[in-house]
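Student: Dropping the structure in here first, questions after.
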Amino acid sequence: MRYPDKLKKGDTVGLICTSSCVSEERISQCVETIEKLGYKVKVADNVTTDLAGYMAGDAVVRARWVNRMFECPDVKAIFCIRGGDGSSRIMEHLDYDVIRNNPKIFVGYSDVTNLHLAINQNCDLVTSHGPMVSSNMVDSFDEESKDSFFEAINAESDIVFRNPEAIPVKVLKEGKAEGILVGGNLSLLSASMGTPYEPDTDGKILFIEEVADPITKIEKWIYHLRNAGKLAGCSGILLGQFTKIKNDDENYDYISCIKDALEGISIPVMYDIQSGHGKQIMTLPMGAKCKMDTSSCSIVFER
């Protein structure tokens, strides 16, 4: 896997909406935020378009802006403004030759999971599961999240993942593992099964996160991965933020459900990795070679 070039002060950052849109007021705040970080900004023209109440324009337009931002020589990094819904529609319209031939920093999470999977596997390019401009940077880009973000996209050497100081990484199943990091949002991983961009987890480390769903959906999606052989085939699992997961029985949480789904599968598993839909989001280099060790709760990415 290739890391893209680092981002320097004064470089141009492309802002896109691959899923849902934002308001005119919000995009102004997004531009101001990125400029205050020291970068120039190029904004896709569909980001305030509201189609059907949840998409930032039709599939062709949204995909075209992904392709154009990768192809544009002035743009050095591409930041997703937000997630939402609708990225599945754009996948057939992405130009993987353009993306492969113009490797750049690409950042997002949630519904952007589809793009991480496809770009990692089709373009041999490391992408960043990290903060989005409207969702995270405008209102609450705390120092720990900011440090993690810039370390991931501009690292000179191996990247040592660190949770926020107040939140320890925890162990569900002990052991050591190494492999390419794949994954993202659980619902999107489940929906990708049977598509050209479903995750190849064989010998890989699988990262999973989710937000605002009942435990019954966690059950459905995690067992879909188990039944498809995606859990037994991976070398290890990192569980990210599972935010606002609801269940009437408070004694049975998402960890209990995933522990059941991993019965008979002897691989190391760590959880409470602070990347996903929480107040803080640490950045993970998707597609990078990862080493995990539960004895020290260490997670290191080869640069």
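All residue names refer to the structure tokens as shown: chains lettered A, B, ... in order, residues numbered from 1 in each chain, ligands numbered from 1 in order.
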Show which residues sit within 10 Å of A:Ser128, as a PDB file with N, CA, C and O atoms, in the first residue's frame. Count only C-alpha atoms, and ignore same-chain residues fewer than 3 positions away.
Tutor:
```pdb
ATOM      1  N   PHE A  79     -10.857  16.252   1.821  1.00  0.00           N
ATOM      2  CA  PHE A  79     -11.539  16.068   3.095  1.00  0.00           C
ATOM      3  C   PHE A  79     -13.041  15.961   2.837  1.00  0.00           C
ATOM      4  O   PHE A  79     -13.624  16.834   2.188  1.00  0.00           O
ATOM      5  N   ILE A 105      -4.119  12.377  -0.051  1.00  0.00           N
ATOM      6  CA  ILE A 105      -4.761  12.195   1.250  1.00  0.00           C
ATOM      7  C   ILE A 105      -6.274  12.239   1.057  1.00  0.00           C
ATOM      8  O   ILE A 105      -6.807  13.144   0.413  1.00  0.00           O
ATOM      9  N   PHE A 106      -6.965  11.250   1.615  1.00  0.00           N
ATOM     10  CA  PHE A 106      -8.423  11.197   1.540  1.00  0.00           C
ATOM     11  C   PHE A 106      -8.939  10.871   2.933  1.00  0.00           C
ATOM     12  O   PHE A 106      -8.537   9.859   3.535  1.00  0.00           O
ATOM     13  N   VAL A 107      -9.833  11.711   3.467  1.00  0.00           N
ATOM     14  CA  VAL A 107     -10.248  11.598   4.866  1.00  0.00           C
ATOM     15  C   VAL A 107     -11.767  11.573   4.998  1.00  0.00           C
ATOM     16  O   VAL A 107     -12.473  12.374   4.373  1.00  0.00           O
ATOM     17  N   GLY A 108     -12.261  10.682   5.842  1.00  0.00           N
ATOM     18  CA  GLY A 108     -13.685  10.628   6.156  1.00  0.00           C
ATOM     19  C   GLY A 108     -13.998   9.381   6.962  1.00  0.00           C
ATOM     20  O   GLY A 108     -13.115   8.562   7.257  1.00  0.00           O
ATOM     21  N   TYR A 109     -15.252   9.208   7.333  1.00  0.00           N
ATOM     22  CA  TYR A 109     -15.687   7.988   8.030  1.00  0.00           C
ATOM     23  C   TYR A 109     -17.187   7.845   7.848  1.00  0.00           C
ATOM     24  O   TYR A 109     -17.803   8.549   7.039  1.00  0.00           O
ATOM     25  N   HIS A 116     -13.470   4.107   1.364  1.00  0.00           N
ATOM     26  CA  HIS A 116     -12.245   3.532   1.927  1.00  0.00           C
ATOM     27  C   HIS A 116     -12.033   2.112   1.399  1.00  0.00           C
ATOM     28  O   HIS A 116     -10.926   1.761   0.971  1.00  0.00           O
ATOM     29  N   PRO A 131     -11.402  12.643  11.173  1.00  0.00           N
ATOM     30  CA  PRO A 131     -12.417  13.679  11.348  1.00  0.00           C
ATOM     31  C   PRO A 131     -12.858  14.325  10.046  1.00  0.00           C
ATOM     32  O   PRO A 131     -12.056  14.540   9.137  1.00  0.00           O
ATOM     33  N   PHE A 149      -4.759  13.339  13.990  1.00  0.00           N
ATOM     34  CA  PHE A 149      -5.023  13.552  12.572  1.00  0.00           C
ATOM     35  C   PHE A 149      -3.750  13.924  11.815  1.00  0.00           C
ATOM     36  O   PHE A 149      -3.395  13.293  10.808  1.00  0.00           O
ATOM     37  N   ALA A 152      -1.157  11.172  11.615  1.00  0.00           N
ATOM     38  CA  ALA A 152      -1.497  10.120  10.653  1.00  0.00           C
ATOM     39  C   ALA A 152      -1.237  10.537   9.218  1.00  0.00           C
ATOM     40  O   ALA A 152      -0.737   9.742   8.412  1.00  0.00           O
ATOM     41  N   ILE A 153      -1.567  11.786   8.865  1.00  0.00           N
ATOM     42  CA  ILE A 153      -1.433  12.176   7.458  1.00  0.00           C
ATOM     43  C   ILE A 153      -0.038  12.699   7.113  1.00  0.00           C
ATOM     44  O   ILE A 153       0.327  12.733   5.927  1.00  0.00           O
ATOM     45  N   THR A 283      -7.408   9.258  14.361  1.00  0.00           N
ATOM     46  CA  THR A 283      -7.323   8.912  12.947  1.00  0.00           C
ATOM     47  C   THR A 283      -6.599   7.588  12.743  1.00  0.00           C
ATOM     48  O   THR A 283      -5.548   7.344  13.349  1.00  0.00           O
ATOM     49  N   LEU A 284      -7.174   6.746  11.879  1.00  0.00           N
ATOM     50  CA  LEU A 284      -6.603   5.450  11.544  1.00  0.00           C
ATOM     51  C   LEU A 284      -6.241   5.411  10.059  1.00  0.00           C
ATOM     52  O   LEU A 284      -7.067   5.762   9.213  1.00  0.00           O
ATOM     53  N   PRO A 285      -5.022   4.972   9.709  1.00  0.00           N
ATOM     54  CA  PRO A 285      -4.644   4.851   8.296  1.00  0.00           C
ATOM     55  C   PRO A 285      -5.157   3.535   7.705  1.00  0.00           C
ATOM     56  O   PRO A 285      -4.556   2.478   7.887  1.00  0.00           O
ATOM     57  N   MET A 286      -6.279   3.615   7.006  1.00  0.00           N
ATOM     58  CA  MET A 286      -6.883   2.424   6.425  1.00  0.00           C
ATOM     59  C   MET A 286      -6.030   1.943   5.233  1.00  0.00           C
ATOM     60  O   MET A 286      -5.616   2.736   4.394  1.00  0.00           O
ATOM     61  N   GLY A 287      -5.763   0.644   5.207  1.00  0.00           N
ATOM     62  CA  GLY A 287      -4.919   0.098   4.155  1.00  0.00           C
ATOM     63  C   GLY A 287      -3.463  -0.008   4.545  1.00  0.00           C
ATOM     64  O   GLY A 287      -2.655  -0.561   3.798  1.00  0.00           O
ATOM     65  N   ALA A 288      -3.108   0.522   5.726  1.00  0.00           N
ATOM     66  CA  ALA A 288      -1.722   0.452   6.196  1.00  0.00           C
ATOM     67  C   ALA A 288      -1.490  -0.863   6.928  1.00  0.00           C
ATOM     68  O   ALA A 288      -2.414  -1.471   7.471  1.00  0.00           O
TER      69      ALA A 288
END
```
Student: Which residues are close to A:Ala44, i.e. within 12 Å by only C-alpha atoms, leaving aside same-chain residues fewer than 5 positions away? Reply as a list in words.
Tutor: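 Skipping anything fewer than 5 positions along the chain leaves Val13, Gly14, Leu15, Ile16, Cys17, Thr18, Cys21, Val22, Ile27, Val31, Thr49, Ala56, Gly57, Val61, Arg62, Ala63, Arg64, Trp65, Val66, Asn67, Arg68, Met69, Cys72, Val75, Ile78, Phe79, Cys80 and Ile81 of chain A.
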Student: Write a file of the just-selected residues containing N, CA, C and O atoms, as a short mmCIF file (atom, residue, chain, number, x, y, z; two decimals), in the first residue's frame.
Tutor:
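The file below, part_17.cif, is the result:
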```cif
data_model
loop_
_atom_site.label_atom_id
_atom_site.label_comp_id
_atom_site.auth_asym_id
_atom_site.auth_seq_id
_atom_site.Cartn_x
_atom_site.Cartn_y
_atom_site.Cartn_z
N VAL A 13 -6.79 22.13 -0.18
CA VAL A 13 -7.61 21.01 0.28
C VAL A 13 -8.94 21.05 -0.46
O VAL A 13 -9.61 22.09 -0.49
N GLY A 14 -9.32 19.94 -1.06
CA GLY A 14 -10.62 19.82 -1.71
C GLY A 14 -11.67 19.36 -0.72
O GLY A 14 -11.46 18.40 0.02
N LEU A 15 -12.81 20.05 -0.68
CA LEU A 15 -13.91 19.68 0.22
C LEU A 15 -15.05 19.09 -0.60
O LEU A 15 -15.52 19.71 -1.56
N ILE A 16 -15.50 17.89 -0.22
CA ILE A 16 -16.55 17.19 -0.97
C ILE A 16 -17.61 16.63 -0.04
O ILE A 16 -17.37 16.40 1.14
N CYS A 17 -18.79 16.42 -0.60
CA CYS A 17 -19.86 15.66 0.07
C CYS A 17 -20.15 14.44 -0.79
O CYS A 17 -20.73 14.56 -1.87
N THR A 18 -19.75 13.28 -0.32
CA THR A 18 -20.00 12.04 -1.06
C THR A 18 -21.36 11.46 -0.73
O THR A 18 -21.83 10.57 -1.43
N CYS A 21 -25.75 16.51 2.21
CA CYS A 21 -25.31 17.89 1.97
C CYS A 21 -25.22 18.69 3.26
O CYS A 21 -25.56 18.21 4.35
N VAL A 22 -24.76 19.93 3.13
CA VAL A 22 -24.75 20.89 4.24
C VAL A 22 -25.37 22.20 3.76
O VAL A 22 -25.58 22.40 2.57
N ILE A 27 -21.20 25.53 5.03
CA ILE A 27 -20.03 25.40 4.15
C ILE A 27 -19.11 26.60 4.33
O ILE A 27 -17.88 26.48 4.26
N VAL A 31 -15.14 26.21 5.21
CA VAL A 31 -14.05 26.86 4.49
C VAL A 31 -13.18 27.67 5.46
O VAL A 31 -11.94 27.60 5.42
N THR A 49 -26.39 21.10 -2.39
CA THR A 49 -27.53 20.57 -3.14
C THR A 49 -28.25 19.53 -2.30
O THR A 49 -27.63 18.60 -1.77
N ALA A 56 -26.43 14.83 -1.50
CA ALA A 56 -25.87 16.08 -2.03
C ALA A 56 -25.77 16.00 -3.55
O ALA A 56 -24.69 15.99 -4.12
N GLY A 57 -26.92 15.91 -4.18
CA GLY A 57 -26.95 15.77 -5.63
C GLY A 57 -27.01 14.31 -6.05
O GLY A 57 -26.91 13.39 -5.23
N VAL A 61 -23.00 13.21 -10.19
CA VAL A 61 -22.39 14.48 -9.77
C VAL A 61 -21.47 14.26 -8.57
O VAL A 61 -20.34 14.77 -8.53
N ARG A 62 -21.92 13.51 -7.58
CA ARG A 62 -21.10 13.29 -6.39
C ARG A 62 -19.83 12.51 -6.73
O ARG A 62 -18.74 12.83 -6.25
N ALA A 63 -19.96 11.48 -7.56
CA ALA A 63 -18.79 10.72 -7.98
C ALA A 63 -17.84 11.56 -8.83
O ALA A 63 -16.62 11.47 -8.69
N ARG A 64 -18.43 12.38 -9.71
CA ARG A 64 -17.59 13.22 -10.57
C ARG A 64 -16.69 14.14 -9.75
O ARG A 64 -15.53 14.36 -10.11
N TRP A 65 -17.22 14.62 -8.62
CA TRP A 65 -16.40 15.52 -7.79
C TRP A 65 -15.30 14.75 -7.07
O TRP A 65 -14.21 15.30 -6.84
N VAL A 66 -15.54 13.51 -6.70
CA VAL A 66 -14.44 12.70 -6.16
C VAL A 66 -13.34 12.56 -7.22
O VAL A 66 -12.16 12.80 -6.95
N ASN A 67 -13.74 12.18 -8.44
CA ASN A 67 -12.78 12.01 -9.53
C ASN A 67 -12.03 13.30 -9.83
O ASN A 67 -10.81 13.30 -10.03
N ARG A 68 -12.76 14.42 -9.88
CA ARG A 68 -12.14 15.70 -10.22
C ARG A 68 -11.14 16.16 -9.16
O ARG A 68 -10.09 16.72 -9.49
N MET A 69 -11.48 15.94 -7.90
CA MET A 69 -10.56 16.35 -6.84
C MET A 69 -9.28 15.52 -6.88
O MET A 69 -8.17 16.05 -6.64
N CYS A 72 -7.35 16.86 -10.09
CA CYS A 72 -6.90 18.26 -10.09
C CYS A 72 -5.49 18.37 -9.51
O CYS A 72 -5.26 18.01 -8.35
N VAL A 75 -5.01 20.31 -6.05
CA VAL A 75 -5.54 19.74 -4.81
C VAL A 75 -4.59 18.70 -4.27
O VAL A 75 -4.23 17.75 -4.96
N ILE A 78 -8.02 15.60 0.11
CA ILE A 78 -9.47 15.63 -0.06
C ILE A 78 -10.11 15.29 1.28
O ILE A 78 -9.89 14.21 1.82
N PHE A 79 -10.86 16.25 1.82
CA PHE A 79 -11.54 16.07 3.10
C PHE A 79 -13.04 15.96 2.84
O PHE A 79 -13.62 16.83 2.19
N CYS A 80 -13.66 14.92 3.36
CA CYS A 80 -15.12 14.83 3.30
C CYS A 80 -15.71 15.77 4.34
O CYS A 80 -15.23 15.84 5.48
N ILE A 81 -16.75 16.50 3.94
CA ILE A 81 -17.37 17.47 4.83
C ILE A 81 -18.22 16.77 5.89
O ILE A 81 -18.21 17.15 7.06
#
```
Student: So which one's closest to A:Ala228, A:Pro164, A:Asp248, A:Asp74, A:Gly194? Using only C-alpha atoms, please.
Tutor: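 Of the candidates, the smallest distance to A:Ala228 is held by A:Gly194.
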Student: Enumerate as a CSV table (one decimal) with all heavy atoms, in the first residue's frame all residues of stretch 109-178 of chain A assigned to helix (DSSP H, G or I) by DSSP on the backbone, naming them with the chain letters and numbers the document uses.
Tutor:
```
chain,number,residue,atom,x,y,z
A,110,SER,N,-17.8,6.9,8.6
A,110,SER,CA,-19.2,6.7,8.5
A,110,SER,C,-19.6,6.2,7.1
A,110,SER,O,-19.1,5.2,6.6
A,110,SER,CB,-20.0,8.0,8.9
A,110,SER,OG,-21.4,7.7,9.1
A,111,ASP,N,-20.5,6.9,6.4
A,111,ASP,CA,-20.9,6.5,5.0
A,111,ASP,C,-19.8,6.5,4.0
A,111,ASP,O,-19.9,6.0,2.9
A,111,ASP,CB,-22.1,7.4,4.5
A,111,ASP,CG,-23.0,6.7,3.6
A,111,ASP,OD1,-23.4,5.6,3.9
A,111,ASP,OD2,-23.3,7.3,2.5
A,112,VAL,N,-18.7,7.2,4.4
A,112,VAL,CA,-17.5,7.2,3.5
A,112,VAL,C,-16.8,5.8,3.6
A,112,VAL,O,-15.9,5.6,2.8
A,112,VAL,CB,-16.5,8.3,4.0
A,112,VAL,CG1,-15.3,8.4,3.1
A,112,VAL,CG2,-17.3,9.6,4.0
A,113,THR,N,-17.2,4.9,4.4
A,113,THR,CA,-16.6,3.6,4.5
A,113,THR,C,-16.6,2.9,3.1
A,113,THR,O,-15.6,2.3,2.8
A,113,THR,CB,-17.4,2.7,5.5
A,113,THR,OG1,-17.3,3.2,6.8
A,113,THR,CG2,-17.0,1.2,5.4
A,114,ASN,N,-17.6,3.1,2.3
A,114,ASN,CA,-17.6,2.5,1.0
A,114,ASN,C,-16.4,2.9,0.2
A,114,ASN,O,-15.8,2.1,-0.5
A,114,ASN,CB,-18.9,3.0,0.2
A,114,ASN,CG,-20.1,2.2,0.6
A,114,ASN,OD1,-20.1,1.1,1.0
A,114,ASN,ND2,-21.3,2.9,0.6
A,115,LEU,N,-16.0,4.2,0.3
A,115,LEU,CA,-14.9,4.7,-0.5
A,115,LEU,C,-13.6,4.2,0.0
A,115,LEU,O,-12.7,3.9,-0.7
A,115,LEU,CB,-15.0,6.2,-0.6
A,115,LEU,CG,-16.0,6.8,-1.5
A,115,LEU,CD1,-17.4,6.9,-0.8
A,115,LEU,CD2,-15.6,8.1,-2.1
A,116,HIS,N,-13.5,4.1,1.4
A,116,HIS,CA,-12.2,3.5,1.9
A,116,HIS,C,-12.0,2.1,1.4
A,116,HIS,O,-10.9,1.8,1.0
A,116,HIS,CB,-12.3,3.5,3.5
A,116,HIS,CG,-12.2,4.8,4.1
A,116,HIS,ND1,-11.1,5.7,3.9
A,116,HIS,CD2,-13.0,5.5,5.0
A,116,HIS,CE1,-11.2,6.8,4.6
A,116,HIS,NE2,-12.3,6.7,5.3
A,117,LEU,N,-13.1,1.3,1.5
A,117,LEU,CA,-12.9,-0.1,1.0
A,117,LEU,C,-12.5,-0.1,-0.5
A,117,LEU,O,-11.6,-0.9,-0.8
A,117,LEU,CB,-14.3,-0.8,1.2
A,117,LEU,CG,-14.8,-1.0,2.6
A,117,LEU,CD1,-16.2,-1.6,2.6
A,117,LEU,CD2,-13.9,-1.9,3.4
A,118,ALA,N,-13.2,0.6,-1.3
A,118,ALA,CA,-12.9,0.6,-2.7
A,118,ALA,C,-11.5,1.1,-3.1
A,118,ALA,O,-10.8,0.6,-3.9
A,118,ALA,CB,-14.0,1.3,-3.5
A,119,ILE,N,-11.2,2.3,-2.5
A,119,ILE,CA,-9.9,2.9,-2.8
A,119,ILE,C,-8.7,2.1,-2.3
A,119,ILE,O,-7.7,1.9,-3.0
A,119,ILE,CB,-9.8,4.3,-2.2
A,119,ILE,CG1,-10.8,5.2,-3.0
A,119,ILE,CG2,-8.4,4.9,-2.3
A,119,ILE,CD1,-11.0,6.6,-2.4
A,120,ASN,N,-8.8,1.5,-1.0
A,120,ASN,CA,-7.8,0.7,-0.5
A,120,ASN,C,-7.5,-0.5,-1.4
A,120,ASN,O,-6.4,-0.8,-1.7
A,120,ASN,CB,-8.1,0.2,0.9
A,120,ASN,CG,-8.2,1.3,2.0
A,120,ASN,OD1,-8.8,1.1,3.0
A,120,ASN,ND2,-7.6,2.4,1.7
A,121,GLN,N,-8.6,-1.2,-1.8
A,121,GLN,CA,-8.5,-2.4,-2.5
A,121,GLN,C,-8.3,-2.3,-4.0
A,121,GLN,O,-7.6,-3.1,-4.6
A,121,GLN,CB,-9.7,-3.3,-2.3
A,121,GLN,CG,-9.8,-3.7,-0.8
A,121,GLN,CD,-11.0,-4.5,-0.4
A,121,GLN,OE1,-11.1,-5.0,0.7
A,121,GLN,NE2,-11.9,-4.8,-1.3
A,122,ASN,N,-8.8,-1.2,-4.6
A,122,ASN,CA,-8.6,-1.1,-6.1
A,122,ASN,C,-7.5,-0.2,-6.5
A,122,ASN,O,-7.0,-0.2,-7.6
A,122,ASN,CB,-9.9,-0.5,-6.7
A,122,ASN,CG,-11.1,-1.4,-6.6
A,122,ASN,OD1,-10.9,-2.6,-6.7
A,122,ASN,ND2,-12.3,-0.9,-6.4
A,123,CYS,N,-7.0,0.7,-5.5
A,123,CYS,CA,-6.0,1.7,-5.9
A,123,CYS,C,-4.7,1.6,-5.1
A,123,CYS,O,-3.8,2.5,-5.3
A,123,CYS,CB,-6.6,3.1,-5.7
A,123,CYS,SG,-8.2,3.3,-6.6
A,133,VAL,N,-15.0,17.6,8.2
A,133,VAL,CA,-14.9,19.1,8.4
A,133,VAL,C,-16.1,19.6,9.2
A,133,VAL,O,-16.0,20.2,10.3
A,133,VAL,CB,-14.7,19.8,7.1
A,133,VAL,CG1,-14.5,21.3,7.4
A,133,VAL,CG2,-13.6,19.3,6.3
A,134,SER,N,-17.3,19.3,8.7
A,134,SER,CA,-18.5,19.8,9.4
A,134,SER,C,-18.8,19.0,10.6
A,134,SER,O,-19.1,19.6,11.7
A,134,SER,CB,-19.7,19.8,8.4
A,134,SER,OG,-20.9,20.2,9.1
A,135,SER,N,-18.6,17.7,10.5
A,135,SER,CA,-19.0,16.8,11.7
A,135,SER,C,-18.1,17.0,12.9
A,135,SER,O,-18.5,16.8,14.0
A,135,SER,CB,-18.9,15.4,11.2
A,135,SER,OG,-19.8,15.1,10.1
A,136,ASN,N,-16.8,17.3,12.6
A,136,ASN,CA,-15.8,17.3,13.7
A,136,ASN,C,-15.0,18.6,13.8
A,136,ASN,O,-14.7,19.1,14.9
A,136,ASN,CB,-14.9,16.1,13.6
A,136,ASN,CG,-15.6,14.8,13.4
A,136,ASN,OD1,-15.8,14.3,12.3
A,136,ASN,ND2,-16.1,14.3,14.5
A,137,MET,N,-14.5,19.1,12.7
A,137,MET,CA,-13.5,20.2,12.8
A,137,MET,C,-14.1,21.6,13.2
A,137,MET,O,-13.4,22.3,13.9
A,137,MET,CB,-12.7,20.3,11.5
A,137,MET,CG,-11.9,19.0,11.2
A,137,MET,SD,-11.0,19.3,9.6
A,137,MET,CE,-10.2,17.7,9.5
A,138,VAL,N,-15.3,21.9,12.7
A,138,VAL,CA,-15.8,23.2,12.8
A,138,VAL,C,-16.1,23.5,14.3
A,138,VAL,O,-15.7,24.6,14.8
A,138,VAL,CB,-17.1,23.4,12.0
A,138,VAL,CG1,-17.8,24.7,12.3
A,138,VAL,CG2,-16.8,23.4,10.5
A,139,ASP,N,-16.7,22.6,15.0
A,139,ASP,CA,-17.2,22.9,16.3
A,139,ASP,C,-16.3,22.3,17.5
A,139,ASP,O,-16.3,22.9,18.5
A,139,ASP,CB,-18.6,22.3,16.5
A,139,ASP,CG,-19.7,22.9,15.6
A,139,ASP,OD1,-19.5,24.1,15.3
A,139,ASP,OD2,-20.5,22.2,15.1
A,140,SER,N,-15.6,21.2,17.2
A,140,SER,CA,-15.0,20.6,18.4
A,140,SER,C,-13.7,19.8,18.0
A,140,SER,O,-13.6,18.6,18.3
A,140,SER,CB,-16.0,19.6,19.1
A,140,SER,OG,-16.4,18.7,18.1
A,143,GLU,N,-7.5,19.1,20.8
A,143,GLU,CA,-6.1,19.0,20.5
A,143,GLU,C,-5.7,17.5,20.3
A,143,GLU,O,-4.8,17.2,19.5
A,143,GLU,CB,-5.3,19.6,21.7
A,143,GLU,CG,-5.3,21.2,21.7
A,143,GLU,CD,-4.9,21.8,20.4
A,143,GLU,OE1,-3.8,21.3,19.8
A,143,GLU,OE2,-5.6,22.7,19.9
A,144,GLU,N,-6.3,16.6,21.1
A,144,GLU,CA,-5.9,15.2,20.9
A,144,GLU,C,-6.3,14.7,19.6
A,144,GLU,O,-5.6,13.9,18.9
A,144,GLU,CB,-6.5,14.4,22.1
A,144,GLU,CG,-5.8,14.6,23.4
A,144,GLU,CD,-6.4,13.8,24.5
A,144,GLU,OE1,-7.6,13.9,24.7
A,144,GLU,OE2,-5.7,13.0,25.2
A,145,SER,N,-7.5,15.0,19.2
A,145,SER,CA,-8.0,14.6,17.8
A,145,SER,C,-7.1,15.2,16.7
A,145,SER,O,-6.8,14.6,15.7
A,145,SER,CB,-9.5,15.0,17.6
A,145,SER,OG,-10.3,14.3,18.5
A,146,LYS,N,-6.8,16.5,16.9
A,146,LYS,CA,-6.0,17.2,15.9
A,146,LYS,C,-4.6,16.6,15.8
A,146,LYS,O,-4.1,16.4,14.7
A,146,LYS,CB,-5.9,18.7,16.3
A,146,LYS,CG,-5.3,19.6,15.3
A,146,LYS,CD,-5.2,21.1,15.7
A,146,LYS,CE,-6.5,21.7,16.0
A,146,LYS,NZ,-6.4,23.1,16.3
A,147,ASP,N,-4.0,16.3,17.0
A,147,ASP,CA,-2.7,15.7,17.0
A,147,ASP,C,-2.7,14.4,16.3
A,147,ASP,O,-1.8,14.1,15.5
A,147,ASP,CB,-2.1,15.6,18.4
A,147,ASP,CG,-1.8,16.9,19.0
A,147,ASP,OD1,-1.7,17.9,18.3
A,147,ASP,OD2,-1.6,16.9,20.3
A,148,SER,N,-3.7,13.6,16.5
A,148,SER,CA,-3.8,12.3,15.9
A,148,SER,C,-4.0,12.4,14.4
A,148,SER,O,-3.3,11.6,13.6
A,148,SER,CB,-5.0,11.5,16.5
A,148,SER,OG,-5.2,10.3,15.9
A,149,PHE,N,-4.8,13.3,14.0
A,149,PHE,CA,-5.0,13.6,12.6
A,149,PHE,C,-3.7,13.9,11.8
A,149,PHE,O,-3.4,13.3,10.8
A,149,PHE,CB,-6.1,14.6,12.4
A,149,PHE,CG,-6.3,15.1,11.0
A,149,PHE,CD1,-6.9,14.2,10.1
A,149,PHE,CD2,-6.0,16.3,10.6
A,149,PHE,CE1,-7.2,14.6,8.8
A,149,PHE,CE2,-6.3,16.7,9.3
A,149,PHE,CZ,-6.9,15.9,8.4
A,150,PHE,N,-3.0,14.9,12.3
A,150,PHE,CA,-1.9,15.4,11.6
A,150,PHE,C,-0.7,14.4,11.7
A,150,PHE,O,0.1,14.3,10.8
A,150,PHE,CB,-1.4,16.8,12.1
A,150,PHE,CG,-2.3,17.9,11.5
A,150,PHE,CD1,-3.2,18.5,12.4
A,150,PHE,CD2,-2.3,18.2,10.2
A,150,PHE,CE1,-4.1,19.5,11.9
A,150,PHE,CE2,-3.2,19.2,9.7
A,150,PHE,CZ,-4.0,19.8,10.5
A,151,GLU,N,-0.6,13.6,12.8
A,151,GLU,CA,0.4,12.6,12.8
A,151,GLU,C,0.1,11.5,11.8
A,151,GLU,O,1.0,11.0,11.1
A,151,GLU,CB,0.4,12.0,14.2
A,151,GLU,CG,1.5,10.9,14.4
A,151,GLU,CD,1.5,10.2,15.7
A,151,GLU,OE1,0.7,10.6,16.6
A,151,GLU,OE2,2.4,9.3,15.9
A,152,ALA,N,-1.2,11.2,11.6
A,152,ALA,CA,-1.5,10.1,10.7
A,152,ALA,C,-1.2,10.5,9.2
A,152,ALA,O,-0.7,9.7,8.4
A,152,ALA,CB,-3.0,9.7,10.8
A,153,ILE,N,-1.6,11.8,8.9
A,153,ILE,CA,-1.4,12.2,7.5
A,153,ILE,C,0.0,12.7,7.1
A,153,ILE,O,0.3,12.7,5.9
A,153,ILE,CB,-2.5,13.2,7.0
A,153,ILE,CG1,-2.3,14.6,7.8
A,153,ILE,CG2,-3.9,12.7,7.3
A,153,ILE,CD1,-3.2,15.7,7.2
A,154,ASN,N,0.7,13.1,8.1
A,154,ASN,CA,2.1,13.7,7.9
A,154,ASN,C,3.2,12.9,8.5
A,154,ASN,O,4.3,13.5,8.6
A,154,ASN,CB,2.1,15.1,8.3
A,154,ASN,CG,1.3,16.0,7.3
A,154,ASN,OD1,1.1,15.7,6.2
A,154,ASN,ND2,0.8,17.1,7.9
```
Student: Please, which residues of stretch 34-282 of chain A, numbered as in this document, come out strand (DSSP E) from DSSP, as a PyMOL selection string?
Tutor: chain A and resi 40-43+75-80+105-108+127-129+159-160+170-173+176-185+205-211+236-243+269-271
Student: For atom CA of A:Ser20 and atom CA of A:Ser190, determine how far apart the two atoms are, in Å to one decimal place.
Tutor: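 Separation of atom CA of A:Ser20 and atom CA of A:Ser190: 20.3 Å.
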Student: Within 9 Å of stretch 292-302 of chain A, counting only C-alpha atoms, which residues qualify if same-chain residues fewer than 5 places away don't, as a list in words?
Tutor: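 Residues meeting the cut-off are Ser157, Asp158, Ile159, Val160, Phe161, Arg162, Pro168, Val169, Lys170, Val171, Leu172, Lys173, Glu174, Gly175, Lys176, Ala177, Glu178, Gly179, Leu181, Ile205, Gly236, Leu238, Pro268, Val269, Met270, Leu284 and Pro285 of chain A.
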Student: Pick out the closest residue to A:Ser275 from this set: A:Trp221, A:Tyr96, A:Phe207, A:Tyr39. Count only C-alpha atoms.
Tutor: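 The closest residue to A:Ser275 is A:Phe207.
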